[in-house]
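Content type mmCIF, C-alpha atoms, from the file structure_16.cif:
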data_upload
#
loop_
_atom_site.label_atom_id
_atom_site.label_comp_id
_atom_site.auth_asym_id
_atom_site.auth_seq_id
_atom_site.Cartn_x
_atom_site.Cartn_y
_atom_site.Cartn_z
CA MET A 866 108.08 113.35 134.24
CA MET A 867 108.47 113.39 130.45
CA ALA A 868 108.58 116.75 128.71
CA ASP A 869 106.02 117.38 125.99
CA CYS A 870 107.29 116.38 122.54
CA PHE A 871 105.56 118.11 119.64
CA ILE A 872 105.93 117.24 115.95
CA THR A 873 107.03 120.45 114.26
CA ARG A 874 107.97 119.22 110.78
CA VAL A 875 107.43 116.19 108.56
CA SER A 876 109.71 115.27 105.67
CA ALA A 877 109.93 112.33 103.29
CA ILE A 878 113.33 111.13 102.08
CA ASP A 879 114.03 108.89 99.10
CA LYS A 880 116.91 106.51 99.96
CA ARG A 881 118.15 103.90 97.48
CA TYR A 882 120.88 101.31 97.91
CA SER A 883 122.47 99.08 95.31
CA LEU A 884 123.05 95.43 96.21
CA PRO A 885 125.88 93.02 95.42
CA PRO A 886 125.40 91.05 92.17
CA GLY A 887 122.59 88.52 92.53
CA ALA A 888 121.55 89.60 96.02
CA GLY A 889 117.83 90.09 96.55
CA SER A 890 116.88 88.29 93.34
CA ASP A 891 113.88 86.00 93.15
CA ALA A 892 111.51 84.55 90.57
CA VAL A 893 109.92 87.96 89.89
CA HIS A 894 112.45 90.59 90.94
CA SER A 895 115.62 89.97 88.94
CA ASN A 896 117.72 93.02 89.79
CA PRO A 897 116.27 94.79 92.83
CA GLU A 898 117.48 98.07 94.25
CA TYR A 899 116.57 98.04 97.94
CA SER A 900 115.02 101.43 98.63
CA LEU A 901 113.51 103.03 101.71
CA ALA A 902 110.78 105.66 101.68
CA VAL A 903 111.69 107.39 104.93
CA THR A 904 109.46 109.55 107.12
CA ARG A 905 111.18 112.01 109.47
CA LEU A 906 109.18 113.57 112.28
CA GLU A 907 111.13 116.50 113.69
CA THR A 908 110.41 118.11 117.06
CA GLY A 909 112.50 121.28 117.09
CA GLY A 910 114.88 119.50 119.48
CA PRO A 911 117.28 116.57 119.43
CA LEU A 912 114.55 113.94 119.12
CA ALA A 913 113.28 112.89 115.71
CA GLY A 914 111.20 109.92 114.64
CA THR A 915 112.34 107.81 111.69
CA GLY A 916 109.93 105.53 109.86
CA ILE A 917 110.67 103.30 106.89
CA THR A 918 108.96 101.22 104.25
CA LEU A 919 110.60 99.18 101.50
CA THR A 920 110.38 99.50 97.73
CA LEU A 921 112.65 98.14 95.00
CA GLY A 922 113.73 101.41 93.37
CA ARG A 923 111.48 103.01 90.80
CA GLY A 924 108.33 103.89 92.67
CA ASN A 925 110.09 104.98 95.84
CA ARG A 926 109.50 108.63 94.94
CA LEU A 927 105.77 107.96 94.62
CA VAL A 928 105.65 106.67 98.18
CA CYS A 929 107.58 109.71 99.41
CA ASP A 930 105.10 112.02 97.69
CA ALA A 931 102.24 110.19 99.42
CA ILE A 932 104.00 110.49 102.79
CA GLU A 933 104.22 114.25 102.43
CA ILE A 934 100.50 114.48 101.65
CA LEU A 935 99.19 112.03 104.24
CA ALA A 936 101.36 113.12 107.18
CA ARG A 937 100.35 116.79 107.20
CA PRO A 938 97.75 116.37 109.99
CA LEU A 939 100.52 115.22 112.36
CA ILE A 940 102.22 118.63 112.43
CA GLY A 941 101.61 120.29 115.77
CA ARG A 942 100.58 117.05 117.52
CA GLU A 943 102.14 116.10 120.85
CA ILE A 944 103.41 112.52 120.68
CA GLU A 945 101.83 111.17 123.89
CA ALA A 946 98.43 112.63 123.03
CA LEU A 947 98.76 111.35 119.46
CA MET A 948 99.57 107.79 120.48
CA ALA A 949 96.84 107.71 123.12
CA GLU A 950 94.34 107.69 120.25
CA PHE A 951 96.50 106.37 117.45
CA GLY A 952 93.96 103.82 116.22
CA ARG A 953 91.49 106.61 115.50
CA VAL A 954 94.19 108.79 113.94
CA LEU A 955 95.38 105.96 111.69
CA ARG A 956 91.88 105.38 110.40
CA GLN A 957 91.54 109.09 109.61
CA LEU A 958 94.83 109.08 107.71
CA ALA A 959 93.92 105.89 105.84
CA ASP A 960 90.54 107.31 104.89
CA ASP A 961 91.81 110.58 103.46
CA PRO A 962 88.98 111.37 101.01
CA ALA A 963 91.25 111.85 97.99
CA MET A 964 94.12 109.44 98.73
CA ARG A 965 91.86 106.55 99.74
CA TRP A 966 90.68 106.32 96.12
CA LEU A 967 94.17 105.20 95.13
CA GLY A 968 93.93 102.14 97.38
CA PRO A 969 91.87 101.67 99.32
CA HIS A 970 94.27 100.52 102.03
CA LYS A 971 96.83 99.06 99.66
CA GLY A 972 99.58 100.04 97.24
CA VAL A 973 101.50 103.31 97.34
CA VAL A 974 99.25 105.03 99.87
CA HIS A 975 99.39 102.13 102.31
CA LEU A 976 103.18 101.89 102.05
CA ALA A 977 103.26 105.59 102.89
CA LEU A 978 101.11 104.94 105.95
CA ALA A 979 103.55 102.24 107.02
CA SER A 980 106.43 104.71 106.97
CA ILE A 981 104.42 107.39 108.79
CA THR A 982 103.15 105.00 111.46
CA ASN A 983 106.59 103.55 112.08
CA ALA A 984 108.01 107.05 112.52
CA CYS A 985 105.35 107.81 115.15
CA PHE A 986 106.22 104.69 117.14
CA ASP A 987 109.95 105.41 116.84
CA LEU A 988 109.51 108.95 118.15
CA TRP A 989 107.24 107.75 120.94
CA ALA A 990 109.78 105.16 122.14
CA LYS A 991 112.61 107.71 121.94
CA SER A 992 110.59 110.27 123.89
CA ARG A 993 110.22 107.68 126.67
CA GLY A 994 113.88 106.65 126.41
CA VAL A 995 113.15 102.95 125.77
CA PRO A 996 113.44 100.46 122.90
CA LEU A 997 110.22 99.76 121.04
CA TRP A 998 109.75 96.28 122.50
CA LYS A 999 109.82 97.68 126.04
CA LEU A 1000 107.51 100.54 125.16
CA LEU A 1001 104.92 98.07 123.91
CA LEU A 1002 105.34 95.66 126.81
CA ASP A 1003 104.87 98.48 129.31
CA LEU A 1004 101.44 99.37 127.91
CA SER A 1005 98.19 98.20 129.50
CA PRO A 1006 95.61 96.25 127.49
CA ASP A 1007 93.51 99.40 127.15
CA GLU A 1008 96.49 101.41 125.91
CA LEU A 1009 97.37 98.69 123.40
CA VAL A 1010 93.85 98.51 122.02
CA ALA A 1011 93.84 102.30 121.61
CA LEU A 1012 96.70 101.89 119.11
CA LEU A 1013 94.62 99.75 116.77
CA ASP A 1014 92.21 100.38 113.93
CA LEU A 1015 89.94 97.34 114.05
CA SER A 1016 87.50 98.56 111.43
CA TYR A 1017 86.36 95.88 108.98
CA VAL A 1018 87.59 93.04 111.20
CA GLU A 1019 85.08 93.51 114.05
CA ASP A 1020 83.25 90.38 112.91
CA VAL A 1021 86.15 88.30 114.24
CA LEU A 1022 88.02 90.75 116.50
CA THR A 1023 86.20 93.44 118.48
CA PRO A 1024 88.01 95.92 120.76
CA GLU A 1025 86.67 93.95 123.73
CA GLN A 1026 88.03 90.68 122.35
CA ALA A 1027 91.41 92.29 121.65
CA ARG A 1028 91.51 93.59 125.22
CA GLU A 1029 90.64 90.13 126.54
CA ILE A 1030 93.44 88.50 124.55
CA PHE A 1031 96.01 90.87 126.05
CA ALA A 1032 94.54 90.51 129.55
CA GLU A 1033 94.25 86.71 129.47
CA ARG A 1034 97.90 86.30 128.55
CA TRP A 1035 99.20 88.75 131.13
CA ALA A 1036 99.71 86.08 133.80
CA GLY A 1037 102.19 84.08 131.70
CA ARG A 1038 104.41 86.99 130.80
CA THR A 1039 107.07 86.43 133.46
CA GLU A 1040 108.16 83.03 132.21
CA ARG A 1041 108.00 84.14 128.59
CA GLU A 1042 110.27 87.11 129.31
CA SER A 1043 113.21 84.69 129.17
CA ILE A 1044 113.23 85.36 125.41
CA LEU A 1045 114.54 88.86 126.15
CA LYS A 1046 117.74 87.31 127.53
CA GLN A 1047 117.97 84.35 125.17
CA GLY A 1048 117.36 86.33 122.00
CA TYR A 1049 115.13 85.34 119.10
CA PRO A 1050 116.30 82.66 116.61
CA GLY A 1051 116.84 83.76 113.02
CA TYR A 1052 116.77 82.03 109.66
CA ASP A 1053 119.00 82.98 106.75
CA THR A 1054 117.36 84.07 103.51
CA SER A 1055 120.52 85.43 101.93
CA VAL A 1056 121.99 82.00 101.10
CA GLY A 1057 119.42 81.21 98.45
CA TRP A 1058 118.82 84.12 96.10
CA MET A 1059 117.58 83.09 92.66
CA ALA A 1060 120.54 84.45 90.68
CA TYR A 1061 123.17 82.70 92.80
CA GLU A 1062 124.99 79.79 91.21
CA ASP A 1063 124.74 76.40 92.87
CA GLN A 1064 128.27 76.58 94.25
CA LYS A 1065 127.62 79.94 95.89
CA VAL A 1066 124.42 78.65 97.52
CA CYS A 1067 126.38 75.79 99.05
CA GLU A 1068 129.29 77.99 100.14
CA LEU A 1069 126.98 80.55 101.77
CA THR A 1070 124.99 77.82 103.49
CA LYS A 1071 128.12 76.28 105.00
CA ALA A 1072 129.27 79.74 106.14
CA ALA A 1073 125.86 80.38 107.73
CA LEU A 1074 125.99 77.01 109.51
CA ALA A 1075 129.36 78.01 110.94
CA LYS A 1076 127.74 81.21 112.24
CA GLY A 1077 125.09 79.23 114.10
CA PHE A 1078 122.13 79.34 111.72
CA THR A 1079 120.03 76.19 111.52
CA ALA A 1080 117.30 77.34 109.12
CA PHE A 1081 117.56 78.50 105.51
CA LYS A 1082 115.34 79.71 102.68
CA LEU A 1083 115.77 79.10 98.96
CA LYS A 1084 114.15 81.03 96.14
CA VAL A 1085 112.29 78.82 93.68
CA GLY A 1086 109.85 79.61 90.87
CA SER A 1087 112.28 79.73 87.94
CA PRO A 1088 111.02 78.78 84.44
CA ASP A 1089 113.10 75.61 84.73
CA HIS A 1090 111.43 73.43 87.35
CA GLY A 1091 114.31 71.01 87.15
CA ARG A 1092 116.70 73.76 88.23
CA ASP A 1093 114.53 74.52 91.26
CA LEU A 1094 114.41 70.88 92.31
CA ARG A 1095 118.14 70.41 91.82
CA ARG A 1096 118.95 73.49 93.91
CA ALA A 1097 116.49 72.47 96.61
CA GLN A 1098 118.15 69.07 96.87
CA LEU A 1099 121.55 70.79 96.93
CA LEU A 1100 120.47 73.01 99.83
CA ARG A 1101 119.28 69.97 101.78
CA GLU A 1102 122.61 68.23 101.21
CA CYS A 1103 124.66 71.31 102.12
CA ALA A 1104 122.57 72.23 105.17
CA GLY A 1105 122.25 68.70 106.46
CA ASP A 1106 119.34 66.49 107.39
CA ARG A 1107 118.62 68.31 110.68
CA ALA A 1108 118.40 71.80 109.18
CA THR A 1109 115.07 73.58 108.68
CA LEU A 1110 114.37 74.55 105.06
CA MET A 1111 111.83 76.89 103.47
CA PHE A 1112 111.10 77.36 99.76
CA ASP A 1113 109.80 80.66 98.39
CA ALA A 1114 108.17 80.87 94.93
CA ASN A 1115 107.44 84.61 95.14
CA GLN A 1116 103.99 84.18 93.54
CA GLN A 1117 105.42 82.82 90.29
CA TRP A 1118 103.42 79.59 89.96
CA ASN A 1119 99.84 79.14 88.84
CA LEU A 1120 97.82 76.55 90.76
CA PHE A 1121 98.84 73.68 88.49
CA ALA A 1122 102.56 74.42 88.81
CA ALA A 1123 102.24 75.10 92.54
CA THR A 1124 100.58 71.72 93.05
CA GLU A 1125 103.15 69.87 90.96
CA MET A 1126 106.17 71.59 92.48
CA GLY A 1127 104.80 71.48 96.01
CA ARG A 1128 104.47 67.71 95.79
CA GLU A 1129 108.03 67.38 94.45
CA LEU A 1130 109.49 69.65 97.14
CA ALA A 1131 107.61 67.83 99.90
CA ALA A 1132 110.26 65.09 99.82
CA LEU A 1133 112.77 67.59 101.26
CA ARG A 1134 110.56 68.24 104.32
CA PRO A 1135 110.24 72.02 104.15
CA LEU A 1136 108.84 73.92 107.11
CA TRP A 1137 106.76 75.79 104.54
CA ILE A 1138 106.36 76.71 100.90
CA GLU A 1139 106.03 80.50 100.67
CA GLU A 1140 103.90 82.56 98.29
CA PRO A 1141 103.13 79.58 96.06
CA THR A 1142 100.77 81.55 93.81
CA HIS A 1143 99.12 84.96 93.38
CA PRO A 1144 98.84 86.71 96.78
CA ASP A 1145 95.19 87.72 96.21
CA ASP A 1146 93.97 84.20 95.44
CA VAL A 1147 92.36 83.10 98.71
CA LEU A 1148 90.50 80.14 97.22
CA GLY A 1149 93.60 79.05 95.33
CA HIS A 1150 95.52 78.88 98.59
CA VAL A 1151 92.68 76.90 100.17
CA LYS A 1152 92.92 74.37 97.34
CA LEU A 1153 96.68 74.13 97.77
CA THR A 1154 96.40 73.46 101.51
CA ARG A 1155 94.29 70.42 100.62
CA GLU A 1156 96.37 69.26 97.65
CA LEU A 1157 99.76 69.63 99.37
CA ALA A 1158 98.93 68.47 102.90
CA PRO A 1159 100.84 67.89 105.10
CA VAL A 1160 103.13 70.52 103.51
CA LYS A 1161 102.35 73.91 105.03
CA LEU A 1162 101.92 77.24 103.25
CA ALA A 1163 103.22 80.66 104.27
CA ALA A 1164 102.18 84.01 102.85
CA GLY A 1165 101.89 87.68 103.75
CA GLU A 1166 104.77 89.52 102.11
CA HIS A 1167 102.31 91.07 99.64
CA MET A 1168 99.14 91.06 101.74
CA PRO A 1169 98.48 94.77 102.20
CA ASN A 1170 96.03 95.01 105.08
CA ARG A 1171 94.29 93.36 108.01
CA VAL A 1172 91.16 92.56 105.97
CA VAL A 1173 93.09 90.42 103.49
CA PHE A 1174 94.80 88.62 106.37
CA LYS A 1175 91.43 88.08 108.02
CA ASN A 1176 90.13 86.42 104.86
CA PHE A 1177 93.16 84.13 104.45
CA ILE A 1178 93.21 83.19 108.13
CA GLU A 1179 89.48 82.58 108.48
CA ALA A 1180 89.41 80.55 105.25
CA GLY A 1181 92.23 78.30 106.43
CA ALA A 1182 94.30 79.34 103.41
CA ILE A 1183 97.68 79.64 105.17
CA HIS A 1184 99.52 78.01 108.05
CA PHE A 1185 102.18 80.65 108.72
CA VAL A 1186 101.20 84.34 108.84
CA GLN A 1187 103.99 86.47 107.34
CA ALA A 1188 102.81 89.95 108.26
CA ASP A 1189 105.26 92.76 107.49
CA ALA A 1190 105.19 96.09 109.32
CA VAL A 1191 106.52 97.86 106.25
CA ARG A 1192 103.83 96.41 103.96
CA LEU A 1193 100.88 96.79 106.31
CA ALA A 1194 100.09 100.26 107.68
CA GLY A 1195 103.03 99.99 110.04
CA ILE A 1196 103.39 98.68 113.58
CA SER A 1197 99.76 99.34 114.48
CA GLU A 1198 98.26 97.16 111.76
CA PHE A 1199 100.97 94.56 112.36
CA LEU A 1200 99.71 94.27 115.95
CA THR A 1201 96.16 93.86 114.68
CA VAL A 1202 97.23 90.99 112.42
CA SER A 1203 99.18 89.50 115.35
CA LEU A 1204 95.95 89.46 117.36
CA LEU A 1205 94.07 87.84 114.47
CA ALA A 1206 96.73 85.14 114.18
CA THR A 1207 96.67 84.57 117.93
CA ARG A 1208 92.89 84.34 118.03
CA PHE A 1209 92.91 81.69 115.31
CA GLY A 1210 95.89 79.81 116.73
CA LEU A 1211 98.33 80.50 113.89
CA PRO A 1212 102.03 81.37 114.24
CA LEU A 1213 103.13 84.80 113.00
CA VAL A 1214 106.55 84.66 111.35
CA PRO A 1215 107.20 88.09 109.81
CA HIS A 1216 108.50 88.88 106.38
CA VAL A 1217 111.25 91.47 106.97
CA GLY A 1218 111.10 94.23 104.39
CA ASP A 1219 112.88 96.26 107.08
CA MET A 1220 115.81 93.79 107.18
CA GLY A 1221 114.63 92.81 110.66
CA GLN A 1222 115.22 96.22 112.27
CA LEU A 1223 111.62 96.78 113.41
CA HIS A 1224 110.57 93.15 113.55
CA GLN A 1225 113.22 92.19 116.09
CA HIS A 1226 111.17 94.28 118.54
CA LEU A 1227 107.79 93.00 117.37
CA VAL A 1228 108.51 89.27 117.65
CA LEU A 1229 109.63 89.84 121.24
CA PHE A 1230 106.35 91.61 121.97
CA ASN A 1231 104.35 88.85 120.28
CA ARG A 1232 106.13 86.20 122.31
CA VAL A 1233 105.88 87.90 125.70
CA ALA A 1234 102.52 89.69 125.44
CA LEU A 1235 100.60 87.29 123.18
CA GLY A 1236 102.31 84.00 123.94
CA GLN A 1237 103.09 83.44 120.25
CA GLU A 1238 105.15 80.31 119.65
CA ILE A 1239 108.86 80.87 118.98
CA HIS A 1240 109.75 80.06 115.38
CA PHE A 1241 112.29 82.11 113.42
CA LEU A 1242 112.81 85.71 112.35
CA GLU A 1243 114.06 86.17 108.82
CA HIS A 1244 117.58 87.60 108.53
CA ILE A 1245 118.67 89.66 105.51
CA PRO A 1246 122.01 91.44 106.09
CA HIS A 1247 122.28 93.53 102.94
CA LEU A 1248 121.50 97.01 104.36
CA ARG A 1249 123.25 96.49 107.67
CA GLN A 1250 125.88 99.18 107.12
CA HIS A 1251 123.21 101.84 106.51
CA PHE A 1252 121.46 101.56 109.89
CA LEU A 1253 122.76 103.49 112.89
CA PHE A 1254 121.96 100.56 115.19
CA PRO A 1255 121.92 97.49 112.94
CA VAL A 1256 120.49 94.21 114.18
CA GLU A 1257 122.94 92.10 116.15
CA VAL A 1258 122.81 88.41 115.27
CA GLU A 1259 125.13 86.05 117.13
CA GLY A 1260 125.10 82.29 116.84
CA GLY A 1261 122.10 82.57 114.53
CA VAL A 1262 120.12 84.46 117.21
CA TYR A 1263 118.86 88.05 117.22
CA ARG A 1264 120.13 89.85 120.32
CA THR A 1265 117.57 92.04 122.09
CA PRO A 1266 118.12 95.70 121.12
CA GLN A 1267 118.69 98.17 123.96
CA GLU A 1268 118.81 101.58 122.25
CA PRO A 1269 115.71 103.81 122.52
CA GLY A 1270 113.44 103.74 119.50
CA ALA A 1271 112.52 101.27 116.78
CA SER A 1272 116.05 100.72 115.35
CA THR A 1273 115.14 102.58 112.16
CA ASP A 1274 117.64 105.47 112.23
CA LEU A 1275 119.94 105.58 109.20
CA VAL A 1276 123.64 106.45 109.33
CA ASP A 1277 123.30 109.22 106.77
CA LEU A 1278 120.29 110.65 108.61
CA ARG A 1279 121.98 110.63 111.99
CA PRO A 1280 120.00 112.44 114.69
CA SER A 1281 121.34 115.76 115.98
CA ALA A 1282 123.59 115.55 119.02
#
In structure tokens, write the structure found in this file.
Amino acid sequence: MMADCFITRVSAIDKRYSLPPGAGSDAVHSNPEYSLAVTRLETGGPLAGTGITLTLGRGNRLVCDAIEILARPLIGREIEALMAEFGRVLRQLADDPAMRWLGPHKGVVHLALASITNACFDLWAKSRGVPLWKLLLDLSPDELVALLDLSYVEDVLTPEQAREIFAERWAGRTERESILKQGYPGYDTSVGWMAYEDQKVCELTKAALAKGFTAFKLKVGSPDHGRDLRRAQLLRECAGDRATLMFDANQQWNLFAATEMGRELAALRPLWIEEPTHPDDVLGHVKLTRELAPVKLAAGEHMPNRVVFKNFIEAGAIHFVQADAVRLAGISEFLTVSLLATRFGLPLVPHVGDMGQLHQHLVLFNRVALGQEIHFLEHIPHLRQHFLFPVEVEGGVYRTPQEPGASTDLVDLRPSA
């Protein structure tokens, strides 16, 4: 029987990490500083929950300040009792009367909720002595639904419908559990940062091929469209005709440029074009799906909540759902978006603002519990040395993590022995 595990203290920690020259650069973010707004849930004992969300440097302190304000109601809560009603708790935190005004449900306050939520799930998995993916797979449909805040999406996903989705897919779990042994395939984003010279893109792509990767992403959206097209052709030549390519404009294009460039890039047979225009422009994305067909669109890196995803999904504005558990209100809202994607028959391929640490667990859950199709999980290696249990990728495949928790502990915040 598990001993009670009470949250005795909450702290927010501002962690910032410089990157190698050119790494992390895209059409909008020229010199990023990968930064984590960290939530620590202490228990008065050896267990502590660690939650993270990503920023790019300046602004990280704002998220930490919001964490300290929003997480106060968690002090004194026992983790099992907390998680048994987490959907209700999350809605209460998100609807803080003063902080909600700053969103609602987006921006600094929502990033803070992501960090807080992820810390709760990490502590919960540690208290049960299991990795996050196993914790989630061991839950019943009723227990899973209790984790979710389905407010404002009940028109397409009621608690009863969510429960039915989990229950209907229960029978096929056994055969889908093979993914836990096989591992989940990854794709390499780090070969194609915007600031990298052509030669470096080709060298990194060949090195990634040698490591077993078969899918690669290139940043596009530079002022010089000719440069983008040249580099895209270069990536196809370096990666080979059988490789899977994705192109990511990071919201830089207006609809005219997105249409023009999408048609040009179509000749290279991308799996998707990512964030082709402003992330709030639902109707613009709908137009692009028509103009660029059969090229597919992916988006979600900057979609802040389940309501925005509902709108894009229901409108047919995207083909690949790129939910991110450190952009949404953490693991809970990620699971809600996973259910929405499943209900509408769309694949969920996460954006990994966590460098894949959390999402390696979540794609396994989505595959086994929801029957989501296997695609790829983005791989970004730049913060690897800072995590206590960094992702293990062999032969281009994520290996299933075995350590208790959500894989979010940092080396310089090592838990007490």
With 9 Å as the threshold, what does the neighbourhood of (103.2, 79.8, 93.4) contain in terms of residues, counting only C-alpha atoms? Coordinates are those of the file; answer as a tab-separated table (two decimals) with C-alpha atoms, keeping the file's coordinate frame.
chain	number	residue	atom	x	y	z
A	1086	GLY	CA	109.85	79.61	90.87
A	1113	ASP	CA	109.80	80.66	98.39
A	1114	ALA	CA	108.17	80.87	94.93
A	1115	ASN	CA	107.44	84.61	95.14
A	1116	GLN	CA	103.99	84.18	93.54
A	1117	GLN	CA	105.42	82.82	90.29
A	1118	TRP	CA	103.42	79.59	89.96
A	1119	ASN	CA	99.84	79.14	88.84
A	1120	LEU	CA	97.82	76.55	90.76
A	1121	PHE	CA	98.84	73.68	88.49
A	1122	ALA	CA	102.56	74.42	88.81
A	1123	ALA	CA	102.24	75.10	92.54
A	1124	THR	CA	100.58	71.72	93.05
A	1126	MET	CA	106.17	71.59	92.48
A	1127	GLY	CA	104.80	71.48	96.01
A	1138	ILE	CA	106.36	76.71	100.90
A	1139	GLU	CA	106.03	80.50	100.67
A	1140	GLU	CA	103.90	82.56	98.29
A	1141	PRO	CA	103.13	79.58	96.06
A	1142	THR	CA	100.77	81.55	93.81
A	1143	HIS	CA	99.12	84.96	93.38
A	1144	PRO	CA	98.84	86.71	96.78
Find the residues around Asp1219 of chain A up to 12 Å (only C-alpha atoms counted), leave out those fewer than 6 positions away in its own chain, and share them as number ranges by chain.
A: 899-903, 916-920, 979-980, 983, 1166, 1188-1192, 1195-1196, 1225-1227, 1242-1249, 1251-1252, 1255-1256, 1271-1275
Interatomic distance (Å, one decimal) between atom CA of Gly1105 of chain A and atom CA of Phe1081 of chain A
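These two atoms are separated by 10.9 Å.
Counting only C-alpha atoms, Lys1082 of chain A has the following residues at most 6 Å away, ignoring those fewer than 4 positions along the same chain: Thr1054, Leu1110, Met1111 and Phe1112 of chain A.
Nearest to Arg1264 of chain A of all the residues A:Phe871, A:Phe951, A:Tyr1049, A:Trp1035 is A:Tyr1049, counting only C-alpha atoms.
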Which of these, A:Pro1169, A:Gly1057, A:Gly1051, A:Gly1221, has the shortest distance to Val1262 of chain A once you count all atoms listed in the file?
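The shortest atom-to-atom distance to Val1262 of chain A comes from A:Gly1051.
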What separation in Å, quoted to one decimal, exists between atom CA of Ala1080 of chain A and atom CA of Arg881 of chain A?
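Result for atom CA of Ala1080 of chain A versus atom CA of Arg881 of chain A: 29.0 Å, one decimal.
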